[in-house]
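Below: one structure, written as structure tokens.
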Amino acid sequence: MNTGGGKDSWKLIVSFSVLVIVSILALFAGRYPRVGILDPFTLSSDPIAHSLVFNLRFPRVLTAVLLGVVLSGAGMVFQMIFSNPLVEPGFLGVSQGAAFGAAFSIVFISASAWVIQSTAAVSAIAGLFISYIIAKKVQFGGWVLRLILSGIAVSALFSAGVGILKYTADPMKDLPEITFWMLGGLWSITWSGFFTILPAVSVSISILLFMRWRLNILSLNDETAFSLGLAPERERLLFLLTATAATAAVVSVSGIVSWVGLIIPHISRRVFRTDTRYSLPGSMILGGIFTLLCDTFARMLFPGEIPLGIFTSFLGSGIFILLLMSRNIKVEK
Amino acid sequence: MKNPIITLDGISFTYKADNNKVLKTISLEIAEDSITGILGPNGVGKTTLLHLLLGWNKPDSGVIKLGGKNIGAYSRNEMGRLIGLVPQYEHISFEYSILEYVLLGRTPHLNPLQSPGEEDYLVAENALETVGIKELAGKPVTRLSGGEKQLVLVARSIAQEPAILLMDEPMSNLDLANKVRLLEVMRSLNSKGITILFTTHEPDVAASIADSFVLMGEDNLVCSGQADDIINSSSLSRIYGIPVEVDDYRGRKILIWHK
């Protein structure tokens with residue numbers, strides 16, 4: 001019997017192969033010794049090229065892929081559990097929470113990478129928890145509406161906090177640092193940075209992938225999901241925490257990289273099918289390709305690198321406008 | 001009366017949001033393999049009653065038993081296999097194909113890490129065939145007419161294979177032909193041993209299929225019984241608050257109302 005997934009499995013295999021090929025190309029793409037692709041045969045004779053590829057580009061390429069995989073995967077999870085195609089993984093206070101943590105660290109603690117990363121990760125998770133607790137206490141509306149409203153409020157609170165920190169920050173030293181962090185980028189990634197986020201990210205991605213079919217049911221009305229034998233609130237929380245933990249981990253090293261988690265899930269639902277068995281892994285793979293390409297061009301195009309967040313916002317919002325104007329956006333109404 | 005598959009004993013329920021006590025001490029028994037029509041004016045608590053049976057609403061007081069066991073004794077997954085719901089309305093945000101959507105009904109038969117296999121696809125396709133929309137299987141669920149969507153919701157619940165099926169105004173969006181088709185589907189599900197409870201605003205339609213009735217009115221008046229006890233002029237006039245006459249026409253009950 002035809003279960004209809006054969007074509008989509010092939011598409012997944014093809015896009016995964018594309019991801020692998022793009023990753024290999026990205027290792028050799030850059031501005032050394034000139035703009036373009038580095039000849040792999042010079043690696044053994046040129047120690048600078050060797051160090052560049054293995055110590056700088058390799059961890060950066062892998063982190064860019066992880067960043068895209070996590071943001072797009074988490075974006076898909078968020079859109080499904082909130083049955084809202086316009087949410088993205090940072091909206092529950094996570095992105096602004098991370099920004100506040102980073103800015104706080106830059107102004108009051110230390111501008112060293114690992115301190116910024118840990119305070120950003122901690123306050124990203126704090127953003128989620130505060131949103132969650134407020135949502136629990138809101139006296140009206142369904143669960144989803146309450147979370148969305150409190151997410152908006154908590155994000156605004158944190159971004160006001162960032163505003164205060166920026167206002168009081170040393171304009172010569174701290175302020176550029178904060179601004180630069182918030183634009184998002186991977187220029188400072190090292191192997192140790194990559195290995196810090198790898199455990200949290202791999203555990204989260206595995207949980208999401210293993211449970212991905214169930215994500216479909218959470219996009220239905222609460223009563224319906226409940227009548228199908230789920231405990232919707234509990235399972236939503238599980239998906240929410242898993243996706244947020246991964247998001248907080250990657251955002252802590254990359255800064256705010258917006259739009260990836262919003263548009264890639266849309267594209268994935270078009271390329272694959274709505275069923276999250278295909279669209280979730282599809283979204284992760286496409287997100288990895290998209291983010292890696294953006295990051296590679298961000299460091300290649302000009303002698304001084306363009307912050308990745310600017311790049312993804314430009315491309316992302318452009319693609320989003322095209323999606324909105326195209327014939328159908330694959331959502332109701 | 002056959003064994004009761006559903007027993008409600010002294011159930012009351014209040015909506016916490018507006019402190020609205022919808023149900024006050026309801027006691028009811030529903031026989032196994034029966035088709036029960038639940039009638040009553042808007043806002044009287046028919047949907048609330050279905051949600052109580054589902055376990056979605058928790059009663060303030062009283063005991064609900066399904067299949068002789070207290071409702072709390074079942075796991076979520078067991079409940080999913082025991083009792084299904086066709087909701088009045090379902091907002092579907094994403095563009096699933098009808099087959100993908102109907103497959104979601106298989107959830108209680110799968111563990112959390114599993115996804116549907118060939119057998120589940122067969123059950124889902126049979127469910128579509130039962131409601132007569134197999135040819136629509138590949139169509140996006142967001143592009144259906146109200147009636148087609150209603151039939152898709154029913155198909156999802158059939159794929160769920162529950163012992164008890166709750167249907168909340170299943171005929172409200174259907175044209176005459178689809179209504180008759182749905183009544184046939186309900187009869188055939190019932191002949192396979194599924195106990196059906198449905199709410200409706202059409203006493204005559206209820207009378208044409210149900211073998212027992214629950215009548216709910218203001219002030220928590222609840223009575224249950226057979227067609228002749230319930231679908232009669234005095235009960236319906238009292239419940240709906242307007243003069244209603246009930247006539248028999250070729251063995252069917254016909255309603256005539258006056259202004």
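Residues are referred to by chain and number: the chain letter is A, B, ... according to the order shown in the structure tokens, the number counts from 1 in that chain, and ligands are numbered separately from 1 in the order shown.
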Between chain B and chain A, at 6 Å or less, what are the per-residue closest atom pairs and their distances in Å? Count only C-alpha atoms, order by chain and rising residue number, and return it as a tab-separated table.
residue	atom	partner	partner_atom	distance
B:Arg76	CA	A:Gly229	CA	4.8
B:Asn77	CA	A:Gly229	CA	4.5
B:Met79	CA	A:Gly229	CA	6.0
B:Gly80	CA	A:Gly229	CA	3.9
B:Gly84	CA	A:Ser227	CA	5.8
B:Ser93	CA	A:Glu332	CA	5.5
B:Phe94	CA	A:Val331	CA	5.0
B:Glu95	CA	A:Lys330	CA	5.5
B:Tyr96	CA	A:Thr274	CA	5.5
B:Pro108	CA	A:Gly229	CA	5.4
B:Leu113	CA	A:Met211	CA	5.0
B:Ser115	CA	A:Trp213	CA	5.7
B:Thr142	CA	A:Glu332	CA	5.9
Contact table region 146-192 of chain A vs region 104-118 of chain A, cut-off 10 Å, shortest pair per residue, only C-alpha atoms, as JSON lines:
{"residue": "A:Gly161", "atom": "CA", "partner": "A:Phe104", "partner_atom": "CA", "distance": 9.0}
{"residue": "A:Val162", "atom": "CA", "partner": "A:Phe104", "partner_atom": "CA", "distance": 7.9}
{"residue": "A:Leu165", "atom": "CA", "partner": "A:Phe104", "partner_atom": "CA", "distance": 6.9}
{"residue": "A:Lys166", "atom": "CA", "partner": "A:Val107", "partner_atom": "CA", "distance": 8.6}
{"residue": "A:Thr168", "atom": "CA", "partner": "A:Val107", "partner_atom": "CA", "distance": 8.5}
{"residue": "A:Ala169", "atom": "CA", "partner": "A:Val107", "partner_atom": "CA", "distance": 6.1}
{"residue": "A:Asp170", "atom": "CA", "partner": "A:Val107", "partner_atom": "CA", "distance": 7.8}
{"residue": "A:Lys173", "atom": "CA", "partner": "A:Val107", "partner_atom": "CA", "distance": 9.3}
{"residue": "A:Asp174", "atom": "CA", "partner": "A:Val107", "partner_atom": "CA", "distance": 6.1}
{"residue": "A:Leu175", "atom": "CA", "partner": "A:Val107", "partner_atom": "CA", "distance": 8.4}
{"residue": "A:Glu177", "atom": "CA", "partner": "A:Ile106", "partner_atom": "CA", "distance": 7.3}
{"residue": "A:Ile178", "atom": "CA", "partner": "A:Ile106", "partner_atom": "CA", "distance": 6.9}
{"residue": "A:Trp181", "atom": "CA", "partner": "A:Ile116", "partner_atom": "CA", "distance": 9.5}
{"residue": "A:Ser188", "atom": "CA", "partner": "A:Ala113", "partner_atom": "CA", "distance": 8.0}
{"residue": "A:Ile189", "atom": "CA", "partner": "A:Ala113", "partner_atom": "CA", "distance": 9.2}
{"residue": "A:Ser192", "atom": "CA", "partner": "A:Trp114", "partner_atom": "CA", "distance": 9.7}
Next item on the list: State, in Å with one decimal place, the distance from CA of Val131 (chain B) to CA of Lys192 (chain B).
Entry: 14.8 Å
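The closest residue to Cys294 (chain A), picked from A:Pro47, A:Pro281, A:Gly142, A:Gly68 and counting only C-alpha atoms, is A:Gly68.
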Check: Got a sec: who's within 10 Å of region 127-137 of chain A, counting only C-alpha atoms, leaving out chain neighbours fewer than 6 positions off, as a PyMOL selection string?
Finding: chain A and resi 90-98+100-101+121+143-155+157-158+237+240-241+244-245+248
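The residue set within 6 Å of Pro162 (chain B), counting only C-alpha atoms and dropping same-chain residues fewer than 3 places from it, reads B:Arg81, B:Leu82, B:Ile83, B:Gly84.
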What does the file look like for those residues with N, CA, C and O atoms, as an mmCIF file, in the first residue's frame?
data_model
loop_
_atom_site.group_PDB
_atom_site.id
_atom_site.type_symbol
_atom_site.label_atom_id
_atom_site.label_comp_id
_atom_site.auth_asym_id
_atom_site.auth_seq_id
_atom_site.Cartn_x
_atom_site.Cartn_y
_atom_site.Cartn_z
ATOM 1 N N ARG B 81 -8.643 5.467 23.379
ATOM 2 C CA ARG B 81 -9.186 4.295 22.674
ATOM 3 C C ARG B 81 -10.625 4.009 23.067
ATOM 4 O O ARG B 81 -11.370 3.362 22.346
ATOM 5 N N LEU B 82 -11.015 4.521 24.250
ATOM 6 C CA LEU B 82 -12.356 4.232 24.758
ATOM 7 C C LEU B 82 -13.393 5.200 24.207
ATOM 8 O O LEU B 82 -14.518 4.815 23.875
ATOM 9 N N ILE B 83 -13.005 6.488 24.110
ATOM 10 C CA ILE B 83 -14.038 7.494 23.829
ATOM 11 C C ILE B 83 -13.496 8.548 22.855
ATOM 12 O O ILE B 83 -12.378 9.026 23.019
ATOM 13 N N GLY B 84 -14.264 8.843 21.810
ATOM 14 C CA GLY B 84 -13.821 9.818 20.814
ATOM 15 C C GLY B 84 -14.791 10.981 20.739
ATOM 16 O O GLY B 84 -15.919 10.899 21.226
#
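CA of Ser51 (chain A) sits 20.2 Å away from CA of Val22 (chain A).
Residue nearest Leu280 (chain A) within the list A:Ala243, A:Ile264, A:Met76, A:Ala26: A:Met76 [criterion: smallest interatomic distance, only C-alpha atoms].
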Mind checking which residues fall within 9 Å of Leu23 (chain B), counting only C-alpha atoms, ignoring those fewer than 5 positions away in the same chain, and posting them as a PDB file with C-alpha atoms, in the first residue's frame?
ATOM      1  CA  ILE B  11     -22.611  15.413  38.606  1.00  0.00           C
ATOM      2  CA  SER B  12     -22.358  19.174  38.955  1.00  0.00           C
ATOM      3  CA  PHE B  13     -20.079  21.496  37.037  1.00  0.00           C
ATOM      4  CA  THR B  14     -19.140  25.185  37.222  1.00  0.00           C
ATOM      5  CA  VAL B  44     -27.958  24.627  28.598  1.00  0.00           C
ATOM      6  CA  GLY B  45     -24.774  22.561  28.960  1.00  0.00           C
ATOM      7  CA  THR B  48     -20.294  20.663  28.727  1.00  0.00           C
ATOM      8  CA  LEU B  49     -21.858  17.261  29.347  1.00  0.00           C
ATOM      9  CA  ASP B 219     -32.928  25.184  35.835  1.00  0.00           C
ATOM     10  CA  ASN B 220     -31.162  21.904  35.282  1.00  0.00           C
TER      11      ASN B 220
END
